[in-house]
$ cat model.cif   # mmCIF, C-alpha atoms
data_input
loop_
_atom_site.label_atom_id
_atom_site.label_comp_id
_atom_site.auth_asym_id
_atom_site.auth_seq_id
_atom_site.Cartn_x
_atom_site.Cartn_y
_atom_site.Cartn_z
CA MET A 263 172.59 18.20 -0.27
CA SER A 264 169.60 20.54 -0.45
CA GLN A 265 166.31 19.32 -1.86
CA ARG A 266 166.65 21.86 -4.65
CA GLY A 267 170.08 20.47 -5.55
CA MET A 268 168.77 16.92 -5.56
CA SER A 269 165.84 17.97 -7.76
CA THR A 270 168.18 19.69 -10.23
CA ARG A 271 170.45 16.65 -10.30
CA GLY A 272 167.44 14.38 -10.89
CA ARG A 273 166.26 16.47 -13.83
CA ALA A 274 169.78 16.46 -15.28
CA GLY A 275 169.90 12.67 -14.96
CA LEU A 276 166.56 12.32 -16.73
CA ARG A 277 167.68 14.65 -19.53
CA SER A 278 170.82 12.56 -20.01
CA ARG A 279 168.65 9.54 -20.76
CA ILE A 280 166.69 11.34 -23.49
CA PRO A 281 168.99 11.39 -26.53
CA ARG A 282 169.64 14.47 -28.60
CA TRP A 283 169.23 12.91 -32.00
CA THR A 284 171.47 14.15 -34.79
CA LEU A 285 170.03 14.46 -38.26
CA ALA A 286 170.93 11.55 -40.52
CA GLY A 287 172.25 13.04 -43.75
CA ASP A 288 169.86 15.70 -44.99
CA GLY A 289 167.01 14.09 -43.06
CA ARG A 290 165.05 13.45 -46.24
CA THR A 291 166.87 10.74 -48.16
CA ILE A 292 168.98 7.75 -47.16
CA ALA A 293 171.86 6.58 -49.30
CA ASP A 294 171.87 2.98 -50.52
CA GLY A 295 173.42 0.76 -47.88
CA ALA A 296 173.22 3.46 -45.20
CA VAL A 297 171.38 3.11 -41.90
CA VAL A 298 169.85 5.53 -39.42
CA ALA A 299 171.47 4.83 -36.04
CA PRO A 300 169.58 4.83 -32.70
CA ASP A 301 170.95 8.31 -31.84
CA GLU A 302 170.05 9.71 -35.28
CA ARG A 303 166.76 10.63 -36.87
CA LEU A 304 165.24 11.67 -40.14
CA SER A 305 163.18 14.87 -40.48
CA TRP A 306 160.30 14.86 -38.01
CA PRO A 307 157.57 14.22 -40.63
CA ARG A 308 159.54 11.18 -41.85
CA THR A 309 160.26 10.08 -38.29
CA VAL A 310 156.54 10.25 -37.54
CA GLY A 311 155.93 8.08 -40.62
CA ILE A 312 158.39 5.46 -39.38
CA GLY A 313 156.81 5.67 -35.92
CA MET A 314 153.37 5.05 -37.42
CA GLN A 315 154.75 1.96 -39.13
CA HIS A 316 155.92 0.68 -35.74
CA VAL A 317 152.45 1.34 -34.32
CA ILE A 318 150.86 -0.73 -37.09
CA ALA A 319 153.45 -3.50 -36.62
CA MET A 320 152.71 -3.86 -32.91
CA PHE A 321 149.01 -3.04 -32.88
CA GLY A 322 147.53 -6.33 -34.01
CA ALA A 323 149.49 -8.47 -31.56
CA THR A 324 149.21 -5.98 -28.70
CA LEU A 325 145.43 -5.95 -29.08
CA LEU A 326 145.18 -9.68 -29.70
CA VAL A 327 146.48 -10.70 -26.28
CA PRO A 328 143.88 -8.75 -24.25
CA THR A 329 141.20 -9.81 -26.71
CA ILE A 330 141.98 -13.48 -26.07
CA THR A 331 142.46 -13.14 -22.30
CA GLY A 332 139.54 -10.76 -21.71
CA PHE A 333 141.71 -7.87 -20.51
CA PRO A 334 140.72 -4.29 -21.47
CA VAL A 335 142.24 -3.45 -24.86
CA THR A 336 142.77 0.28 -24.33
CA THR A 337 144.28 -0.31 -20.87
CA THR A 338 146.79 -2.75 -22.31
CA LEU A 339 147.59 -0.23 -25.04
CA LEU A 340 148.13 2.50 -22.43
CA PHE A 341 150.61 0.45 -20.42
CA SER A 342 152.44 -0.71 -23.52
CA GLY A 343 153.06 2.95 -24.39
CA ILE A 344 154.13 3.82 -20.85
CA GLY A 345 156.32 0.71 -20.72
CA THR A 346 158.03 1.72 -23.95
CA VAL A 347 158.84 5.15 -22.51
CA ILE A 348 160.34 3.50 -19.41
CA PHE A 349 162.37 1.16 -21.63
CA LEU A 350 163.74 4.01 -23.74
CA LEU A 351 164.67 5.99 -20.62
CA LEU A 352 166.39 3.12 -18.78
CA THR A 353 168.37 2.09 -21.86
CA ALA A 354 169.29 5.77 -22.46
CA GLY A 355 167.94 5.60 -26.01
CA ARG A 356 170.50 3.01 -27.10
CA VAL A 357 168.09 0.12 -27.75
CA PRO A 358 165.24 0.86 -30.17
CA SER A 359 162.32 -1.25 -28.97
CA TYR A 360 158.59 -1.28 -28.41
CA LEU A 361 157.10 -3.07 -25.40
CA GLY A 362 153.87 -4.76 -26.45
CA SER A 363 151.66 -7.47 -24.96
CA SER A 364 153.53 -10.73 -24.39
CA PHE A 365 151.98 -13.83 -25.94
CA ALA A 366 153.66 -15.86 -23.19
CA PHE A 367 150.95 -14.68 -20.77
CA ILE A 368 148.08 -16.11 -22.84
CA ALA A 369 148.34 -19.68 -21.55
CA PRO A 370 148.51 -18.94 -17.78
CA LEU A 371 145.91 -16.16 -17.99
CA THR A 372 143.53 -18.36 -19.96
CA ALA A 373 144.05 -21.23 -17.50
CA SER A 374 143.29 -18.96 -14.54
CA THR A 375 140.17 -17.26 -15.91
CA ALA A 376 138.00 -18.76 -13.17
CA ASP A 377 140.16 -17.12 -10.50
CA GLY A 378 139.14 -13.65 -11.66
CA GLN A 379 140.95 -10.78 -13.31
CA ALA A 380 142.30 -9.35 -10.07
CA ALA A 381 144.16 -12.59 -9.31
CA GLN A 382 145.42 -12.68 -12.90
CA LEU A 383 146.75 -9.15 -12.54
CA GLY A 384 148.49 -10.23 -9.34
CA ALA A 385 150.25 -12.95 -11.34
CA VAL A 386 151.30 -10.43 -14.01
CA PHE A 387 152.57 -8.13 -11.26
CA SER A 388 154.56 -10.97 -9.65
CA VAL A 389 156.17 -11.99 -12.95
CA GLY A 390 157.23 -8.38 -13.35
CA VAL A 391 158.80 -8.32 -9.87
CA VAL A 392 160.86 -11.45 -10.62
CA LEU A 393 161.93 -9.94 -13.94
CA VAL A 394 163.06 -6.77 -12.13
CA VAL A 395 165.22 -8.89 -9.81
CA VAL A 396 166.79 -10.70 -12.77
CA GLY A 397 167.45 -7.36 -14.47
CA VAL A 398 169.22 -6.01 -11.39
CA ILE A 399 171.38 -9.16 -11.18
CA VAL A 400 172.39 -8.90 -14.84
CA ARG A 401 173.03 -5.18 -14.43
CA ILE A 402 175.35 -5.76 -11.46
CA ALA A 403 177.14 -8.81 -12.85
CA GLY A 404 177.61 -7.21 -16.26
CA SER A 405 177.97 -8.74 -19.68
CA ARG A 406 179.94 -11.70 -18.28
CA VAL A 407 176.65 -13.35 -17.40
CA LEU A 408 175.34 -12.91 -20.93
CA ASP A 409 178.59 -14.06 -22.53
CA ALA A 410 178.57 -17.20 -20.41
CA VAL A 411 174.89 -18.02 -20.72
CA MET A 412 174.17 -16.78 -24.24
CA PRO A 413 177.09 -17.17 -26.67
CA PRO A 414 176.34 -16.59 -30.39
CA VAL A 415 175.14 -20.14 -31.02
CA VAL A 416 172.53 -19.66 -28.28
CA THR A 417 171.50 -16.09 -29.12
CA GLY A 418 171.20 -16.90 -32.82
CA ALA A 419 168.96 -19.84 -32.05
CA VAL A 420 166.76 -17.84 -29.65
CA VAL A 421 166.31 -14.97 -32.13
CA ALA A 422 165.61 -17.40 -34.99
CA LEU A 423 163.10 -19.53 -33.12
CA ILE A 424 161.24 -16.48 -31.78
CA GLY A 425 160.66 -15.31 -35.35
CA LEU A 426 160.00 -18.69 -36.91
CA ASN A 427 157.73 -19.78 -34.06
CA LEU A 428 155.33 -17.12 -35.32
CA ALA A 429 155.26 -18.58 -38.84
CA PRO A 430 152.04 -20.62 -38.31
CA ALA A 431 150.25 -17.46 -37.18
CA ALA A 432 151.34 -15.65 -40.35
CA VAL A 433 150.31 -18.56 -42.57
CA SER A 434 146.97 -18.94 -40.79
CA SER A 435 146.16 -15.26 -41.30
CA TYR A 436 147.29 -15.48 -44.95
CA GLU A 437 145.08 -18.51 -45.62
CA ALA A 438 142.06 -16.80 -44.05
CA GLN A 439 142.01 -14.17 -46.84
CA PRO A 440 144.48 -15.26 -49.55
CA LEU A 441 143.49 -12.58 -52.08
CA VAL A 442 143.85 -9.68 -49.64
CA ALA A 443 147.04 -11.20 -48.25
CA THR A 444 148.55 -11.61 -51.71
CA VAL A 445 147.79 -8.01 -52.66
CA THR A 446 149.33 -6.82 -49.39
CA LEU A 447 152.42 -8.99 -49.85
CA LEU A 448 152.93 -7.94 -53.48
CA VAL A 449 152.67 -4.25 -52.59
CA ILE A 450 155.22 -4.70 -49.78
CA LEU A 451 157.64 -6.52 -52.08
CA LEU A 452 157.23 -4.07 -54.97
CA VAL A 453 157.57 -0.97 -52.79
CA THR A 454 160.61 -2.48 -51.04
CA VAL A 455 162.34 -3.19 -54.36
CA LEU A 456 161.11 -0.31 -56.52
CA GLY A 457 160.18 2.42 -54.05
CA PRO A 458 162.53 5.42 -54.26
CA GLY A 459 164.36 6.56 -51.13
CA LEU A 460 162.35 6.53 -47.93
CA LEU A 461 159.23 5.14 -49.64
CA GLY A 462 161.00 1.81 -49.97
CA ARG A 463 161.55 1.80 -46.22
CA LEU A 464 157.87 2.41 -45.50
CA ALA A 465 156.86 -0.67 -47.46
CA ILE A 466 155.09 -2.36 -44.54
CA LEU A 467 152.97 0.72 -43.85
CA VAL A 468 152.17 1.23 -47.55
CA GLY A 469 151.32 -2.45 -47.94
CA ALA A 470 149.06 -2.47 -44.86
CA VAL A 471 147.14 0.64 -45.93
CA THR A 472 146.80 -0.63 -49.51
CA GLY A 473 145.65 -4.03 -48.27
CA TRP A 474 143.06 -2.45 -45.97
CA LEU A 475 141.71 -0.26 -48.78
CA PHE A 476 141.55 -3.27 -51.12
CA ALA A 477 139.71 -5.31 -48.47
CA TRP A 478 137.27 -2.46 -47.95
CA ALA A 479 136.69 -2.15 -51.72
CA ILE A 480 135.83 -5.85 -52.13
CA GLY A 481 133.80 -6.06 -48.92
CA ALA A 482 136.33 -8.21 -47.06
CA LEU A 483 136.30 -6.23 -43.79
CA ALA A 484 134.59 -8.04 -40.90
CA GLN A 485 131.18 -6.41 -40.54
CA ASP A 486 131.03 -6.92 -36.77
CA ARG A 487 134.32 -5.05 -36.40
CA VAL A 488 133.10 -2.25 -38.67
CA ASP A 489 129.91 -1.98 -36.60
CA ALA A 490 131.94 -1.92 -33.38
CA MET A 491 134.08 0.88 -34.80
CA ARG A 492 130.99 2.86 -35.81
CA ASP A 493 129.48 2.53 -32.31
CA ALA A 494 132.70 3.22 -30.36
CA ALA A 495 133.14 6.56 -28.60
CA TRP A 496 135.77 8.98 -29.85
CA VAL A 497 137.17 9.65 -26.39
CA GLY A 498 137.09 7.49 -23.30
CA LEU A 499 139.23 6.65 -20.27
CA PRO A 500 141.01 3.31 -20.13
CA ASP A 501 139.51 0.85 -17.64
CA LEU A 502 141.91 0.65 -14.68
CA ASN A 503 141.80 -2.31 -12.26
CA GLY A 504 143.93 -3.38 -9.31
CA PRO A 505 145.50 -6.78 -8.50
CA SER A 506 144.97 -9.33 -5.77
CA PHE A 507 147.45 -12.10 -5.00
CA ASP A 508 146.68 -15.81 -5.22
CA LEU A 509 149.72 -18.08 -4.85
CA SER A 510 148.36 -20.80 -7.15
CA VAL A 511 147.79 -18.30 -9.97
CA ILE A 512 151.20 -16.71 -9.41
CA VAL A 513 152.95 -20.10 -9.61
CA LEU A 514 151.02 -20.80 -12.82
CA ALA A 515 152.45 -17.66 -14.46
CA LEU A 516 156.05 -17.65 -13.16
CA PRO A 517 157.49 -19.77 -16.03
CA VAL A 518 156.69 -16.81 -18.28
CA VAL A 519 159.80 -15.17 -16.79
CA ILE A 520 161.96 -17.59 -18.80
CA VAL A 521 160.36 -16.46 -22.04
CA LEU A 522 160.62 -12.77 -21.19
CA ILE A 523 164.32 -13.03 -20.35
CA ALA A 524 165.00 -14.89 -23.58
CA GLU A 525 162.98 -12.40 -25.63
CA ASN A 526 164.65 -9.37 -24.04
CA VAL A 527 168.19 -10.68 -24.39
CA GLY A 528 167.44 -11.96 -27.88
CA HIS A 529 166.07 -8.55 -28.82
CA VAL A 530 169.15 -6.74 -27.47
CA LYS A 531 171.41 -9.15 -29.33
CA ALA A 532 169.41 -8.74 -32.55
CA VAL A 533 169.50 -4.93 -32.34
CA ALA A 534 173.24 -5.04 -31.57
CA GLU A 535 173.74 -7.19 -34.65
CA MET A 536 171.68 -4.88 -36.85
CA THR A 537 173.30 -1.66 -35.63
CA GLY A 538 176.84 -3.00 -35.29
CA ARG A 539 177.09 -1.72 -31.71
CA SER A 540 177.81 -3.65 -28.52
CA LEU A 541 174.77 -3.47 -26.25
CA ASP A 542 175.57 -6.17 -23.68
CA ASP A 543 176.07 -3.50 -21.01
CA VAL A 544 172.43 -2.38 -21.31
CA ALA A 545 170.89 -5.88 -21.40
CA GLY A 546 170.31 -5.73 -17.63
CA ASN A 547 168.56 -2.39 -17.97
CA ALA A 548 166.43 -3.79 -20.80
CA ILE A 549 165.26 -6.68 -18.62
CA LEU A 550 164.77 -4.29 -15.69
CA ALA A 551 162.68 -1.93 -17.81
CA ASP A 552 160.46 -4.74 -19.07
CA GLY A 553 160.03 -5.90 -15.49
CA ILE A 554 158.97 -2.44 -14.32
CA ALA A 555 156.58 -2.11 -17.27
CA THR A 556 155.03 -5.50 -16.44
CA VAL A 557 154.69 -4.53 -12.77
CA LEU A 558 152.86 -1.33 -13.75
CA ALA A 559 150.61 -3.23 -16.15
CA GLY A 560 149.71 -5.73 -13.44
CA ALA A 561 149.08 -2.89 -10.98
CA GLY A 562 146.72 -1.05 -13.35
CA GLY A 563 144.86 -3.64 -15.41
CA GLY A 564 147.01 -4.31 -18.46
CA SER A 565 148.67 -7.43 -19.81
CA GLY A 566 152.38 -8.10 -19.26
CA THR A 567 154.83 -6.68 -21.76
CA THR A 568 157.85 -7.79 -23.75
CA THR A 569 160.16 -6.39 -26.40
CA TYR A 570 158.40 -6.85 -29.71
CA ALA A 571 159.73 -9.06 -32.46
CA GLU A 572 157.33 -7.45 -34.94
CA ASN A 573 159.20 -4.16 -34.62
CA ILE A 574 162.55 -5.85 -35.14
CA GLY A 575 161.15 -6.92 -38.49
CA VAL A 576 160.25 -3.33 -39.33
CA MET A 577 163.78 -2.19 -38.48
CA ALA A 578 165.28 -5.00 -40.55
CA ALA A 579 163.11 -3.92 -43.48
CA THR A 580 163.69 -0.15 -43.15
CA ARG A 581 167.20 -0.11 -41.62
CA VAL A 582 166.01 2.85 -39.57
CA TYR A 583 166.96 2.20 -35.93
CA SER A 584 166.22 5.67 -34.59
CA THR A 585 164.78 5.63 -31.07
CA ALA A 586 162.97 8.85 -31.98
CA ALA A 587 160.54 6.72 -33.99
CA TYR A 588 159.83 4.65 -30.87
CA TRP A 589 159.09 7.78 -28.83
CA VAL A 590 156.56 8.62 -31.55
CA ALA A 591 155.11 5.09 -31.36
CA ALA A 592 154.89 5.22 -27.54
CA ALA A 593 153.23 8.65 -27.53
CA THR A 594 150.81 7.50 -30.22
CA ALA A 595 149.87 4.40 -28.22
CA ILE A 596 149.22 6.47 -25.08
CA VAL A 597 147.07 8.98 -26.96
CA LEU A 598 145.17 6.25 -28.81
CA SER A 599 144.47 4.41 -25.56
CA PHE A 600 142.06 7.27 -24.80
CA SER A 601 140.22 6.75 -28.10
CA PRO A 602 138.10 3.60 -28.22
CA LYS A 603 137.06 4.47 -31.78
CA PHE A 604 140.60 4.48 -33.10
CA GLY A 605 141.37 1.21 -31.36
CA ALA A 606 138.28 -0.26 -33.01
CA LEU A 607 139.37 1.18 -36.38
CA VAL A 608 142.78 -0.48 -36.23
CA PHE A 609 141.10 -3.68 -35.09
CA THR A 610 139.25 -3.72 -38.44
CA ILE A 611 142.57 -4.56 -40.16
CA PRO A 612 141.63 -7.88 -41.77
CA ASP A 613 143.47 -11.16 -41.33
CA GLY A 614 144.70 -11.03 -44.91
CA VAL A 615 146.57 -7.77 -44.36
CA ILE A 616 148.15 -9.12 -41.18
CA GLY A 617 149.05 -12.36 -42.97
CA GLY A 618 150.68 -10.62 -45.93
CA ALA A 619 152.73 -8.32 -43.71
CA THR A 620 153.77 -10.88 -41.10
CA LEU A 621 154.83 -13.37 -43.76
CA VAL A 622 157.68 -10.94 -44.43
CA LEU A 623 158.26 -9.62 -40.91
CA TYR A 624 158.47 -12.95 -39.10
CA GLY A 625 160.80 -14.34 -41.76
CA LEU A 626 163.11 -11.34 -41.35
CA ILE A 627 163.32 -12.00 -37.62
CA GLY A 628 164.23 -15.63 -38.20
CA LEU A 629 166.95 -14.68 -40.67
CA LEU A 630 168.43 -12.24 -38.14
CA GLY A 631 169.22 -15.25 -35.98
CA VAL A 632 170.96 -16.89 -38.93
CA ARG A 633 172.92 -13.68 -39.48
CA ILE A 634 174.15 -13.78 -35.87
CA TRP A 635 175.51 -17.27 -36.53
CA MET A 636 177.15 -16.19 -39.78
CA ASP A 637 178.80 -13.07 -38.40
CA ALA A 638 180.09 -14.95 -35.34
CA ARG A 639 181.29 -17.79 -37.60
CA VAL A 640 179.53 -20.39 -35.45
CA ASP A 641 181.04 -23.79 -36.23
CA PHE A 642 178.23 -26.19 -37.10
CA THR A 643 180.62 -29.04 -37.65
CA ASP A 644 180.89 -29.00 -33.86
CA PRO A 645 178.34 -31.62 -32.71
CA VAL A 646 177.42 -29.60 -29.60
CA ASN A 647 176.53 -26.49 -31.62
CA LEU A 648 174.76 -28.58 -34.23
CA THR A 649 172.58 -30.73 -32.00
CA VAL A 650 171.46 -28.18 -29.40
CA ALA A 651 170.63 -25.56 -32.05
CA ALA A 652 168.78 -28.15 -34.15
CA ALA A 653 166.65 -29.32 -31.23
CA ALA A 654 165.89 -25.77 -30.10
CA LEU A 655 164.87 -24.63 -33.57
CA VAL A 656 162.51 -27.54 -34.18
CA ALA A 657 160.95 -27.08 -30.73
CA GLY A 658 160.38 -23.41 -31.52
CA ILE A 659 159.26 -23.76 -35.13
CA GLY A 660 157.01 -26.73 -34.36
CA ASP A 661 155.67 -24.90 -31.28
CA LEU A 662 156.33 -27.84 -28.97
CA THR A 663 153.72 -27.49 -26.23
CA LEU A 664 154.00 -29.49 -23.03
CA SER A 665 152.56 -29.07 -19.57
CA ILE A 666 154.25 -29.20 -16.19
CA GLY A 667 151.38 -29.79 -13.81
CA ASN A 668 148.88 -27.07 -14.63
CA VAL A 669 151.44 -24.93 -16.43
CA GLU A 670 151.48 -25.14 -20.23
CA LEU A 671 154.59 -23.90 -22.05
CA GLY A 672 154.93 -23.45 -25.80
CA GLY A 673 157.70 -23.68 -28.36
CA ILE A 674 159.48 -20.42 -27.54
CA ALA A 675 159.76 -21.40 -23.88
CA TRP A 676 160.90 -24.97 -24.52
CA GLY A 677 163.24 -24.05 -27.35
CA SER A 678 164.82 -21.21 -25.36
CA LEU A 679 164.97 -23.20 -22.14
CA GLY A 680 166.37 -26.22 -23.99
CA ILE A 681 169.29 -24.39 -25.53
CA LEU A 682 169.95 -22.18 -22.49
CA ILE A 683 170.34 -25.28 -20.31
CA GLY A 684 171.34 -27.83 -22.93
CA TYR A 685 174.24 -25.89 -24.44
CA PRO A 686 176.38 -25.42 -21.29
CA VAL A 687 175.61 -28.97 -20.12
CA MET A 688 176.55 -30.52 -23.47
CA ARG A 689 179.62 -28.29 -23.75
CA ARG A 690 180.85 -29.39 -20.31
CA LEU A 691 180.25 -33.05 -21.14
CA ALA A 692 182.17 -32.62 -24.39
CA ARG A 693 185.13 -31.16 -22.50
CA LEU A 694 185.08 -34.02 -20.00
CA ARG A 695 185.26 -36.46 -22.87
#
$ encode --input "model.cif" --output "structure tokens"
Amino acid sequence: MSQRGMSTRGRAGLRSRIPRWTLAGDGRTIADGAVVAPDERLSWPRTVGIGMQHVIAMFGATLLVPTITGFPVTTTLLFSGIGTVIFLLLTAGRVPSYLGSSFAFIAPLTASTADGQAAQLGAVFSVGVVLVVVGVIVRIAGSRVLDAVMPPVVTGAVVALIGLNLAPAAVSSYEAQPLVATVTLLVILLVTVLGPGLLGRLAILVGAVTGWLFAWAIGALAQDRVDAMRDAAWVGLPDLNGPSFDLSVIVLALPVVIVLIAENVGHVKAVAEMTGRSLDDVAGNAILADGIATVLAGAGGGSGTTTYAENIGVMAATRVYSTAAYWVAAATAIVLSFSPKFGALVFTIPDGVIGGATLVLYGLIGLLGVRIWMDARVDFTDPVNLTVAAAALVAGIGDLTLSIGNVELGGIAWGSLGILIGYPVMRRLARLR
């Protein structure tokens, strides 16, 4: 085949992965009980509004990881946007998702600070490579692997514990500024219940903006963050850095792969449940895309990525699953990564606003796991289902944190690992009995 023919075929293949969204209804209003499917969209101004809500939902956590680990904030933001584009392309627009900074990397990156950022980036890169391999295996083997490893009792538990594991973070932020958090929460609840049409589906965005304005009015914004915003440049290039490879640091970070697999599969299952569409056939591509995004982040100076639970909460609240909104969010993240001032502005969002919003969002994620159980009619009179789910949930909610040598794993890892291994083992033992 000629090079021109191959080029044309390549462009056609790329175009096939960018959906041609159909307009949902009249594009302006959404009927009660209706949803906007991944291959649909609202009018572009409304789609941009939904996309902005996704940006706000992911921003705090995406910036928090590099802030804690010492990685460049704008660089991490850049690779999260690029990673999201890769994810949307590889899943052919069927799985609405944003790839933000993974909290699972915090422990190994913090533990390896003395080894230098280049070695840490090498560890992020290596985790991404392993995740790519896992994605290829799942893609080749098909949904049989997922059906065998993650039946509804397992997927429901993983989704639930991922959301509920974040509960202490929401409560801690709420308690830091209870007045601001309460105002934010009340606005979200009132707009959700009383807001007409699309306004009710933008409740998180409206609540966050209202909470920020209230915090500004009563002087509750952190002055050091306001000063940093005032001094930040309007335009600036992200700080790009390359990796080096240290086996001890790589080994320290490899257990993160377990968390990323669980989060990706749990995310695909949650989106499938919300949209009523089978997505098992793209789970391998989802893992593969996250692996590629993490490889790129490690190669350029950003933190590793994962599908974001925060954005699942936004979809659960709005019932708008359009991937067009995620293209908006990804493009916005890439553009904003070149504006240190805007990054500093968003970083002025006070703890109270984050607490009020995440109190709702994280709870919605947890309840999605319960919904998976209900819709699949999981039998909790079965002692195997009952005990393994119970142990996994408590490990996740209580954030069980244990170390294996120098590697520290938290509740999401232990809860997910426990039910992924414990369920098939206990099921086999029950059959032998």
$ residues_around --input "model.cif" --residues "segment 587-604 of chain A" --least-positions-apart "6" --cutoff "7 Å" --atoms "only C-alpha atoms" --output "PyMOL selection string"
chain A and resi 309-310+312-314+316-317+336-337+339-340+343-344+346-347+358-360+491+494-500
$ resolve_selection --input "model.cif" --expression "the PyMOL selection byres ((chain A and resi 536-544) around 10)" --output "NGL selection string"
:A and (297-300 or 352-354 or 356-357 or 397 or 400-409 or 527 or 530-535 or 545-550 or 574 or 577-578 or 581-583 or 630 or 633-634)
$ atom_distance --input "model.cif" --atom1 "atom CA of Ala692 of chain A" --atom2 "atom CA of Leu426 of chain A"
29.0 Å
$ closest_residue --input "model.cif" --among "A:Ala470, A:Ile681, A:Leu452, A:Ile674" --to "Thr649 of chain A" --atoms "all atoms listed in the file"
A:Ile681
$ closest_residue --input "model.cif" --among "A:Ala515, A:Val398, A:Leu475, A:Val420" --to "Gly658 of chain A" --atoms "only C-alpha atoms"
A:Val420
$ atom_distance --input "model.cif" --atom1 "atom CA of Thr643 of chain A" --atom2 "atom CA of Ile523 of chain A"
28.7 Å
$ resolve_selection --input "model.cif" --expression "the PyMOL selection byres ((chain A and resi 467) around 9)" --output "ChimeraX atom specification"
/A:311-312,314-316,318-319,450,463-466,468-472
$ atom_distance --input "model.cif" --atom1 "atom CA of Ala561 of chain A" --atom2 "atom CA of His529 of chain A"
25.3 Å
$ resolve_selection --input "model.cif" --expression "the PyMOL selection byres ((chain A and resi 502) around 8)" --output "list of chain:residue names"
A:Thr337, A:Pro500, A:Asp501, A:Asn503, A:Gly504, A:Gly562, A:Gly563
$ write_last_selection --input "model.cif" --atoms "C-alpha atoms" --output "PDB file, keeping the file's coordinate frame"
ATOM      1  CA  THR A 337     144.280  -0.310 -20.870  1.00  0.00           C
ATOM      2  CA  PRO A 500     141.010   3.310 -20.130  1.00  0.00           C
ATOM      3  CA  ASP A 501     139.510   0.850 -17.640  1.00  0.00           C
ATOM      4  CA  ASN A 503     141.800  -2.310 -12.260  1.00  0.00           C
ATOM      5  CA  GLY A 504     143.930  -3.380  -9.310  1.00  0.00           C
ATOM      6  CA  GLY A 562     146.720  -1.050 -13.350  1.00  0.00           C
ATOM      7  CA  GLY A 563     144.860  -3.640 -15.410  1.00  0.00           C
TER       8      GLY A 563
END
$ residues_around --input "model.cif" --residues "Trp676 of chain A" --least-positions-apart "6" --cutoff "12 Å" --atoms "all atoms listed in the file" --output "VMD selection string"
chain A and resid 366 420 423 to 424 427 517 to 518 520 to 521 524 653 to 666 670 682 to 684
$ write_last_selection --input "model.cif" --atoms "C-alpha atoms" --output "CSV table (one decimal), in the coordinates of the input"
chain,number,residue,atom,x,y,z
A,366,ALA,CA,153.7,-15.9,-23.2
A,420,VAL,CA,166.8,-17.8,-29.6
A,423,LEU,CA,163.1,-19.5,-33.1
A,424,ILE,CA,161.2,-16.5,-31.8
A,427,ASN,CA,157.7,-19.8,-34.1
A,517,PRO,CA,157.5,-19.8,-16.0
A,518,VAL,CA,156.7,-16.8,-18.3
A,520,ILE,CA,162.0,-17.6,-18.8
A,521,VAL,CA,160.4,-16.5,-22.0
A,524,ALA,CA,165.0,-14.9,-23.6
A,653,ALA,CA,166.6,-29.3,-31.2
A,654,ALA,CA,165.9,-25.8,-30.1
A,655,LEU,CA,164.9,-24.6,-33.6
A,656,VAL,CA,162.5,-27.5,-34.2
A,657,ALA,CA,161.0,-27.1,-30.7
A,658,GLY,CA,160.4,-23.4,-31.5
A,659,ILE,CA,159.3,-23.8,-35.1
A,660,GLY,CA,157.0,-26.7,-34.4
A,661,ASP,CA,155.7,-24.9,-31.3
A,662,LEU,CA,156.3,-27.8,-29.0
A,663,THR,CA,153.7,-27.5,-26.2
A,664,LEU,CA,154.0,-29.5,-23.0
A,665,SER,CA,152.6,-29.1,-19.6
A,666,ILE,CA,154.2,-29.2,-16.2
A,670,GLU,CA,151.5,-25.1,-20.2
A,682,LEU,CA,170.0,-22.2,-22.5
A,683,ILE,CA,170.3,-25.3,-20.3
A,684,GLY,CA,171.3,-27.8,-22.9
$ residues_around --input "model.cif" --residues "Leu383 of chain A" --least-positions-apart "5" --cutoff "12 Å" --atoms "all atoms listed in the file" --output "ChimeraX atom specification"
/A:331-334,338,367,370-371,374-375,377-378,388-390,502-508,511-512,515,556-566
$ closest_residue --input "model.cif" --among "A:Pro413, A:Pro686, A:Gly473, A:Gly628" --to "Leu447 of chain A" --atoms "only C-alpha atoms"
A:Gly473
$ closest_residue --input "model.cif" --among "A:Ala579, A:Val415, A:Leu679, A:Ala586" --to "Glu302 of chain A" --atoms "only C-alpha atoms"
A:Ala586
$ closest_residue --input "model.cif" --among "A:Val449, A:Leu285, A:Leu509, A:Leu361" --to "Leu522 of chain A" --atoms "only C-alpha atoms"
A:Leu361
$ residues_near_point --input "model.cif" --point "(145.7, -12.1, -45.2)" --cutoff "8 Å" --atoms "only C-alpha atoms" --output "PyMOL selection string"
chain A and resi 435-444+446+612-618
$ residues_around --input "model.cif" --residues "segment 688-691 of chain A" --least-positions-apart "6" --cutoff "9 Å" --atoms "only C-alpha atoms" --output "number ranges by chain"
A: 646-647, 650
$ write_last_selection --input "model.cif" --atoms "C-alpha atoms" --output "PDB file, keeping the file's coordinate frame"
ATOM      1  CA  VAL A 646     177.420 -29.600 -29.600  1.00  0.00           C
ATOM      2  CA  ASN A 647     176.530 -26.490 -31.620  1.00  0.00           C
ATOM      3  CA  VAL A 650     171.460 -28.180 -29.400  1.00  0.00           C
TER       4      VAL A 650
END
$ closest_residue --input "model.cif" --among "A:Phe609, A:Phe642, A:Phe365, A:Tyr685" --to "Val335 of chain A" --atoms "only C-alpha atoms"
A:Phe609
